[in-house]
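Enquirer: Once you've had a glance at the structure underneath, I'll fire off some questions.
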Amino acid sequence: MTLLSRGTPWAARMSRRRFALLALVCGFGALFLERPLEIAGAAPDFVLILAVYGAIRAGALGGAVLGFAAGLFRDTLLLLHFGVYALGLTVIGYAVGKMRESLYLDAPAVDMLLLATGKLLLDVLVLAGA
């Protein structure tokens with residue numbers, strides 16, 4: 001089965017350049033845009049977006065590694081409880097990477113559901129570890 005087959009989600013078909021561009025945009029967004037885009041206490045989590053789409057693209061092991069790296073990036077930005085975000089995003093990256101074969105990921109609603117569930121799980125893990 002090739003990556004360009006019909007059942008493969010769009011994030012898995014993304015080229016390396018596009019994924020690198022996504023990573024740069026998410027890194028820039030995490031550094032400079034999360035606070036200005038905050039509305040009533042809710043802010044976008046660009047690091048989580050990168051981890052989820054990276055896990056869809058790379059699978060379980062790649063998602064766990066990318067989630068760990070993204071979590072360390074988030075931990076160095078916050079310096080609150082070092083390693084908590086790394087653990088949470090590693091778990092989320094592994095779980096989403098494992099689920100990519102069994103979910104129909106071409107529908108945008110599934111992407112939004114994965115991001116919302118990932119954010120909820122990340123907040124629960126961070127609050128439990130803090």
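Chain labels run A, B, ... following the order of the structure tokens; each chain numbers its residues from 1, and ligands are numbered from 1 in the order shown.
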Skipping near chain neighbours, those fewer than 5 positions away, what residues fall within 12 Å of stretch 114-130 of chain A using only C-alpha atoms, listed as a tab-separated table (two decimals) with C-alpha atoms, in the first residue's frame?

Expert:
chain	number	residue	atom	x	y	z
A	42	ALA	CA	-8.95	30.05	25.50
A	43	ALA	CA	-5.84	30.12	23.31
A	44	PRO	CA	-4.83	27.94	20.36
A	45	ASP	CA	-2.26	25.25	21.13
A	46	PHE	CA	0.04	25.25	18.12
A	47	VAL	CA	2.37	22.66	19.67
A	48	LEU	CA	-0.52	20.20	20.03
A	49	ILE	CA	-1.54	20.84	16.42
A	50	LEU	CA	1.99	19.99	15.31
A	51	ALA	CA	2.07	16.82	17.42
A	52	VAL	CA	-1.31	15.56	16.19
A	53	TYR	CA	-0.64	16.17	12.50
A	55	ALA	CA	1.47	11.64	14.41
A	56	ILE	CA	-1.02	11.28	11.56
A	67	GLY	CA	5.29	14.62	20.54
A	71	GLY	CA	6.61	18.76	24.48
A	74	ARG	CA	6.69	23.70	25.16
A	75	ASP	CA	8.41	22.91	28.47
A	80	LEU	CA	6.95	25.53	35.06
A	81	HIS	CA	6.98	21.77	35.59
A	82	PHE	CA	9.66	20.59	33.21
A	83	GLY	CA	8.79	17.35	31.41
A	84	VAL	CA	5.04	17.34	31.97
A	85	TYR	CA	4.17	18.56	28.48
A	86	ALA	CA	6.78	16.22	27.01
A	87	LEU	CA	5.08	13.26	28.67
A	88	GLY	CA	1.60	14.39	27.68
A	89	LEU	CA	2.43	15.06	24.04
A	90	THR	CA	4.35	11.78	23.80
A	91	VAL	CA	1.25	9.88	24.92
A	92	ILE	CA	-0.98	11.86	22.55
A	93	GLY	CA	1.41	11.43	19.62
A	94	TYR	CA	1.59	7.68	20.17
A	95	ALA	CA	-2.20	7.32	20.56
A	96	VAL	CA	-3.03	9.35	17.45
A	97	GLY	CA	-0.37	7.50	15.47
A	99	MET	CA	-5.39	5.32	15.60
A	100	ARG	CA	-4.50	6.64	12.14
A	103	LEU	CA	-10.03	6.14	11.66
A	104	TYR	CA	-11.47	7.81	8.59
A	105	LEU	CA	-9.26	10.90	8.65
A	107	ALA	CA	-13.29	14.31	7.14
A	108	PRO	CA	-12.41	17.66	8.78
A	109	ALA	CA	-14.71	16.85	11.70

Enquirer: When DSSP works through the backbone of this structure, what residues of chain A end up as helix (DSSP H, G or I), shown as a ChimeraX atom specification?

Expert: /A:16-33,46-78,84-99,108-129

Enquirer: Generate a file of the selected residues that holds C-alpha atoms, formatted as a PDB file, in the first residue's frame.

Expert:
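Output contents, as saved in out26.pdb:
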ATOM      1  CA  ARG A  16       8.493  16.955   3.730  1.00  0.00           C
ATOM      2  CA  ARG A  17       8.637  20.600   2.702  1.00  0.00           C
ATOM      3  CA  ARG A  18       5.005  21.184   3.582  1.00  0.00           C
ATOM      4  CA  PHE A  19       5.424  19.435   6.913  1.00  0.00           C
ATOM      5  CA  ALA A  20       8.554  21.501   7.651  1.00  0.00           C
ATOM      6  CA  LEU A  21       6.554  24.627   6.806  1.00  0.00           C
ATOM      7  CA  LEU A  22       3.783  23.470   9.149  1.00  0.00           C
ATOM      8  CA  ALA A  23       6.373  22.910  11.880  1.00  0.00           C
ATOM      9  CA  LEU A  24       7.820  26.397  11.372  1.00  0.00           C
ATOM     10  CA  VAL A  25       4.386  28.027  11.415  1.00  0.00           C
ATOM     11  CA  CYS A  26       3.412  26.110  14.554  1.00  0.00           C
ATOM     12  CA  GLY A  27       6.695  27.015  16.251  1.00  0.00           C
ATOM     13  CA  PHE A  28       6.260  30.677  15.324  1.00  0.00           C
ATOM     14  CA  GLY A  29       2.643  30.545  16.493  1.00  0.00           C
ATOM     15  CA  ALA A  30       3.638  28.991  19.811  1.00  0.00           C
ATOM     16  CA  LEU A  31       6.258  31.670  20.389  1.00  0.00           C
ATOM     17  CA  PHE A  32       4.429  34.781  19.258  1.00  0.00           C
ATOM     18  CA  LEU A  33       0.740  34.211  18.524  1.00  0.00           C
ATOM     19  CA  PHE A  46       0.042  25.246  18.119  1.00  0.00           C
ATOM     20  CA  VAL A  47       2.365  22.663  19.672  1.00  0.00           C
ATOM     21  CA  LEU A  48      -0.515  20.205  20.034  1.00  0.00           C
ATOM     22  CA  ILE A  49      -1.538  20.838  16.421  1.00  0.00           C
ATOM     23  CA  LEU A  50       1.989  19.987  15.311  1.00  0.00           C
ATOM     24  CA  ALA A  51       2.069  16.817  17.424  1.00  0.00           C
ATOM     25  CA  VAL A  52      -1.310  15.559  16.192  1.00  0.00           C
ATOM     26  CA  TYR A  53      -0.642  16.168  12.500  1.00  0.00           C
ATOM     27  CA  GLY A  54       2.873  14.800  12.861  1.00  0.00           C
ATOM     28  CA  ALA A  55       1.471  11.637  14.413  1.00  0.00           C
ATOM     29  CA  ILE A  56      -1.018  11.283  11.558  1.00  0.00           C
ATOM     30  CA  ARG A  57       1.861  11.639   9.115  1.00  0.00           C
ATOM     31  CA  ALA A  58       4.501   9.508  10.865  1.00  0.00           C
ATOM     32  CA  GLY A  59       2.588   6.791  12.729  1.00  0.00           C
ATOM     33  CA  ALA A  60       2.841   5.687  16.339  1.00  0.00           C
ATOM     34  CA  LEU A  61       6.612   5.733  16.865  1.00  0.00           C
ATOM     35  CA  GLY A  62       7.172   8.903  14.847  1.00  0.00           C
ATOM     36  CA  GLY A  63       4.233  10.554  16.600  1.00  0.00           C
ATOM     37  CA  ALA A  64       5.660   9.680  19.996  1.00  0.00           C
ATOM     38  CA  VAL A  65       9.092  11.061  19.069  1.00  0.00           C
ATOM     39  CA  LEU A  66       7.622  14.225  17.553  1.00  0.00           C
ATOM     40  CA  GLY A  67       5.294  14.618  20.539  1.00  0.00           C
ATOM     41  CA  PHE A  68       8.246  14.317  22.904  1.00  0.00           C
ATOM     42  CA  ALA A  69      10.250  16.917  20.961  1.00  0.00           C
ATOM     43  CA  ALA A  70       7.249  19.266  20.771  1.00  0.00           C
ATOM     44  CA  GLY A  71       6.614  18.756  24.481  1.00  0.00           C
ATOM     45  CA  LEU A  72      10.204  19.625  25.330  1.00  0.00           C
ATOM     46  CA  PHE A  73       9.832  22.764  23.188  1.00  0.00           C
ATOM     47  CA  ARG A  74       6.691  23.698  25.160  1.00  0.00           C
ATOM     48  CA  ASP A  75       8.408  22.906  28.468  1.00  0.00           C
ATOM     49  CA  THR A  76      11.333  25.183  27.630  1.00  0.00           C
ATOM     50  CA  LEU A  77       8.882  27.982  26.850  1.00  0.00           C
ATOM     51  CA  LEU A  78       6.999  27.634  30.130  1.00  0.00           C
ATOM     52  CA  VAL A  84       5.042  17.336  31.973  1.00  0.00           C
ATOM     53  CA  TYR A  85       4.172  18.561  28.478  1.00  0.00           C
ATOM     54  CA  ALA A  86       6.783  16.217  27.008  1.00  0.00           C
ATOM     55  CA  LEU A  87       5.077  13.260  28.666  1.00  0.00           C
ATOM     56  CA  GLY A  88       1.595  14.395  27.678  1.00  0.00           C
ATOM     57  CA  LEU A  89       2.432  15.065  24.042  1.00  0.00           C
ATOM     58  CA  THR A  90       4.350  11.775  23.804  1.00  0.00           C
ATOM     59  CA  VAL A  91       1.246   9.883  24.920  1.00  0.00           C
ATOM     60  CA  ILE A  92      -0.978  11.860  22.550  1.00  0.00           C
ATOM     61  CA  GLY A  93       1.409  11.428  19.622  1.00  0.00           C
ATOM     62  CA  TYR A  94       1.586   7.676  20.174  1.00  0.00           C
ATOM     63  CA  ALA A  95      -2.197   7.319  20.557  1.00  0.00           C
ATOM     64  CA  VAL A  96      -3.031   9.349  17.446  1.00  0.00           C
ATOM     65  CA  GLY A  97      -0.366   7.500  15.466  1.00  0.00           C
ATOM     66  CA  LYS A  98      -1.879   4.174  16.509  1.00  0.00           C
ATOM     67  CA  MET A  99      -5.388   5.320  15.599  1.00  0.00           C
ATOM     68  CA  PRO A 108     -12.410  17.657   8.784  1.00  0.00           C
ATOM     69  CA  ALA A 109     -14.709  16.853  11.700  1.00  0.00           C
ATOM     70  CA  VAL A 110     -12.488  13.915  12.661  1.00  0.00           C
ATOM     71  CA  ASP A 111      -9.433  16.192  12.661  1.00  0.00           C
ATOM     72  CA  MET A 112     -11.221  18.641  14.940  1.00  0.00           C
ATOM     73  CA  LEU A 113     -12.349  15.802  17.192  1.00  0.00           C
ATOM     74  CA  LEU A 114      -8.779  14.503  17.439  1.00  0.00           C
ATOM     75  CA  LEU A 115      -7.494  17.977  18.313  1.00  0.00           C
ATOM     76  CA  ALA A 116     -10.220  18.591  20.915  1.00  0.00           C
ATOM     77  CA  THR A 117      -9.741  15.176  22.511  1.00  0.00           C
ATOM     78  CA  GLY A 118      -5.966  15.630  22.432  1.00  0.00           C
ATOM     79  CA  LYS A 119      -6.253  19.011  24.155  1.00  0.00           C
ATOM     80  CA  LEU A 120      -8.549  17.575  26.814  1.00  0.00           C
ATOM     81  CA  LEU A 121      -6.211  14.636  27.422  1.00  0.00           C
ATOM     82  CA  LEU A 122      -3.180  16.927  27.508  1.00  0.00           C
ATOM     83  CA  ASP A 123      -4.802  19.221  30.057  1.00  0.00           C
ATOM     84  CA  VAL A 124      -5.767  16.251  32.247  1.00  0.00           C
ATOM     85  CA  LEU A 125      -2.207  14.842  32.102  1.00  0.00           C
ATOM     86  CA  VAL A 126      -0.627  18.235  32.790  1.00  0.00           C
ATOM     87  CA  LEU A 127      -2.941  18.961  35.728  1.00  0.00           C
ATOM     88  CA  ALA A 128      -2.358  15.477  37.143  1.00  0.00           C
ATOM     89  CA  GLY A 129       1.408  15.882  36.828  1.00  0.00           C
TER      90      GLY A 129
END
